[in-house]
Amino acid sequence: MRLCGGRLHPRAALARIATKIDARHVVVASTKGSDDHTRVSVPISYHANLPGSEVLKRSSLAITQGGAGSSYQALGAKVPLGIWPAHRNHQLLGERLTQLGLAFPLHSRPLETAIDDFLRDRSEIMERLSRFTGMDSAVASLAAAAVIGELF
């Protein structure tokens with residue numbers, strides 16, 4: 001299993017999540033490399049350019065900032081979302097996706113509690129995600145936001 005991470009989160013936090021969900025590798029899509037050199041037990045690789053849809057096909061969890069584009073891409077790939085918002089609008093979208101049972105927040109409670117809740121609810125989240133069909137992972141962010149908006 002792989003964990004697909006988004007913006008640069010602390011390596012120790014990513015490794016704790018990966019260990020809890022039994023992921024063997026963390027892939028981070030970021031134009032910046034990490035200055036964090038904390039030793040961790042799970043390999044973490046950073047890539048400036050990744051074919052998101054290909055990485056998501058092999059991912060067991062996508063950690064995103066909660067933006068429309070990354071959320072849409074993960075939903076289209078039927079990959080559960082862990083939301084670690086960077087801005088208020090990301091937080092609002094993440095809250096709505098959580099209410100719909102498609103995501104869970106990583107910022108509003110202890111990390112271990114969030115992951116335990118995800119593991120408890122994982123089969124229900126996966127069942128909800130299985131209902132998504134015909135979502136094109138190459139769609140632009142504005143179109144993704146419109147489609148996600150229709151979920152409400």
# chains A, B, ... in the order shown; residues from 1 in each chain; ligands from 1

call {"tool": "closest_atom_pairs", "arguments": {"of": "range 22-87 of chain A", "to": "range 112-119 of chain A", "cutoff": "12 Å", "atoms": "only C-alpha atoms", "output": "tab-separated table"}}
result
residue	atom	partner	partner_atom	distance
A:Asp22	CA	A:Leu119	CA	10.6
A:Ser60	CA	A:Leu119	CA	11.2
A:Leu61	CA	A:Phe118	CA	9.9
A:Ile63	CA	A:Ile115	CA	11.6
A:Pro80	CA	A:Phe118	CA	9.0
A:Leu81	CA	A:Phe118	CA	9.5
A:Gly82	CA	A:Phe118	CA	8.6
A:Ile83	CA	A:Ala114	CA	10.4
A:Trp84	CA	A:Ala114	CA	11.2

call {"tool": "closest_residue", "arguments": {"among": "A:Val42, A:Asp121, A:Thr19, A:Val79", "to": "Glu54 in chain A", "atoms": "only C-alpha atoms"}}
result
A:Val79

call {"tool": "atom_distance", "arguments": {"atom1": "CA of Ser108 in chain A", "atom2": "CA of Asn49 in chain A"}}
result
29.6 Å

call {"tool": "atom_distance", "arguments": {"atom1": "CA of Phe132 in chain A", "atom2": "CA of Arg24 in chain A"}}
result
26.6 Å

call {"tool": "select_by_dssp", "arguments": {"residues": "range 58-109 of chain A", "states": "helix (DSSP H, G or I)", "output": "mmCIF file with N, CA and C atoms, in the first residue's frame"}}
result
data_model
loop_
_atom_site.group_PDB
_atom_site.id
_atom_site.type_symbol
_atom_site.label_atom_id
_atom_site.label_comp_id
_atom_site.auth_asym_id
_atom_site.auth_seq_id
_atom_site.Cartn_x
_atom_site.Cartn_y
_atom_site.Cartn_z
ATOM 1 N N ALA A 68 -10.051 21.793 -4.427
ATOM 2 C CA ALA A 68 -10.991 21.116 -5.320
ATOM 3 C C ALA A 68 -10.282 20.174 -6.288
ATOM 4 N N GLY A 69 -9.169 20.599 -6.861
ATOM 5 C CA GLY A 69 -8.484 19.768 -7.852
ATOM 6 C C GLY A 69 -7.968 18.465 -7.279
ATOM 7 N N SER A 70 -7.239 18.535 -6.189
ATOM 8 C CA SER A 70 -6.685 17.318 -5.596
ATOM 9 C C SER A 70 -7.779 16.432 -5.008
ATOM 10 N N SER A 71 -8.800 17.040 -4.440
ATOM 11 C CA SER A 71 -9.910 16.261 -3.883
ATOM 12 C C SER A 71 -10.650 15.532 -4.996
ATOM 13 N N TYR A 72 -10.920 16.228 -6.084
ATOM 14 C CA TYR A 72 -11.614 15.628 -7.219
ATOM 15 C C TYR A 72 -10.802 14.461 -7.780
ATOM 16 N N GLN A 73 -9.498 14.676 -7.922
ATOM 17 C CA GLN A 73 -8.652 13.623 -8.468
ATOM 18 C C GLN A 73 -8.683 12.377 -7.589
ATOM 19 N N ALA A 74 -8.606 12.557 -6.282
ATOM 20 C CA ALA A 74 -8.656 11.412 -5.367
ATOM 21 C C ALA A 74 -10.028 10.739 -5.401
ATOM 22 N N LEU A 75 -11.099 11.527 -5.414
ATOM 23 C CA LEU A 75 -12.435 10.955 -5.488
ATOM 24 C C LEU A 75 -12.610 10.146 -6.769
ATOM 25 N N GLY A 76 -12.113 10.700 -7.882
ATOM 26 C CA GLY A 76 -12.209 10.008 -9.159
ATOM 27 C C GLY A 76 -11.447 8.695 -9.171
ATOM 28 N N ARG A 88 -8.653 28.486 4.633
ATOM 29 C CA ARG A 88 -10.029 28.331 5.128
ATOM 30 C C ARG A 88 -10.928 27.648 4.086
ATOM 31 N N ASN A 89 -10.772 28.005 2.798
ATOM 32 C CA ASN A 89 -11.632 27.372 1.800
ATOM 33 C C ASN A 89 -11.347 25.869 1.693
ATOM 34 N N HIS A 90 -10.090 25.469 1.914
ATOM 35 C CA HIS A 90 -9.760 24.039 1.938
ATOM 36 C C HIS A 90 -10.434 23.371 3.134
ATOM 37 N N GLN A 91 -10.426 24.059 4.248
ATOM 38 C CA GLN A 91 -11.050 23.520 5.451
ATOM 39 C C GLN A 91 -12.551 23.331 5.234
ATOM 40 N N LEU A 92 -13.188 24.310 4.606
ATOM 41 C CA LEU A 92 -14.633 24.212 4.365
ATOM 42 C C LEU A 92 -14.962 23.049 3.432
ATOM 43 N N LEU A 93 -14.200 22.895 2.358
ATOM 44 C CA LEU A 93 -14.449 21.782 1.447
ATOM 45 C C LEU A 93 -14.172 20.460 2.159
ATOM 46 N N GLY A 94 -13.093 20.414 2.930
ATOM 47 C CA GLY A 94 -12.776 19.205 3.685
ATOM 48 C C GLY A 94 -13.876 18.838 4.668
ATOM 49 N N GLU A 95 -14.442 19.841 5.334
ATOM 50 C CA GLU A 95 -15.541 19.587 6.269
ATOM 51 C C GLU A 95 -16.741 19.009 5.534
ATOM 52 N N ARG A 96 -17.031 19.539 4.352
ATOM 53 C CA ARG A 96 -18.181 19.035 3.602
ATOM 54 C C ARG A 96 -17.932 17.614 3.106
ATOM 55 N N LEU A 97 -16.725 17.340 2.615
ATOM 56 C CA LEU A 97 -16.406 15.987 2.175
ATOM 57 C C LEU A 97 -16.444 15.010 3.351
ATOM 58 N N THR A 98 -16.074 15.481 4.531
ATOM 59 C CA THR A 98 -16.161 14.656 5.739
ATOM 60 C C THR A 98 -17.622 14.376 6.079
ATOM 61 N N GLN A 99 -18.468 15.402 6.007
ATOM 62 C CA GLN A 99 -19.899 15.211 6.268
ATOM 63 C C GLN A 99 -20.514 14.205 5.301
#

call {"tool": "closest_residue", "arguments": {"among": "A:Val28, A:Ala23, A:Leu14, A:Ala77", "to": "Leu111 in chain A", "atoms": "only C-alpha atoms"}}
result
A:Leu14

call {"tool": "select_by_dssp", "arguments": {"residues": "range 5-101 of chain A", "states": "strand (DSSP E)", "output": "number ranges by chain"}}
result
A: 5, 25-29, 44-47, 59-64, 81-83

call {"tool": "atom_distance", "arguments": {"atom1": "CA of Lys78 in chain A", "atom2": "CA of Lys20 in chain A"}}
result
20.1 Å

call {"tool": "closest_residue", "arguments": {"among": "A:Arg11, A:Arg122, A:Arg131, A:His25", "to": "Phe104 in chain A", "atoms": "only C-alpha atoms"}}
result
A:Arg122

call {"tool": "closest_residue", "arguments": {"among": "A:Arg16, A:Arg128, A:Lys57, A:His87", "to": "Ala103 in chain A", "atoms": "only C-alpha atoms"}}
result
A:Arg128

call {"tool": "closest_residue", "arguments": {"among": "A:Ile44, A:Ala13, A:Ala18, A:Ala86", "to": "Pro110 in chain A", "atoms": "only C-alpha atoms"}}
result
A:Ala13
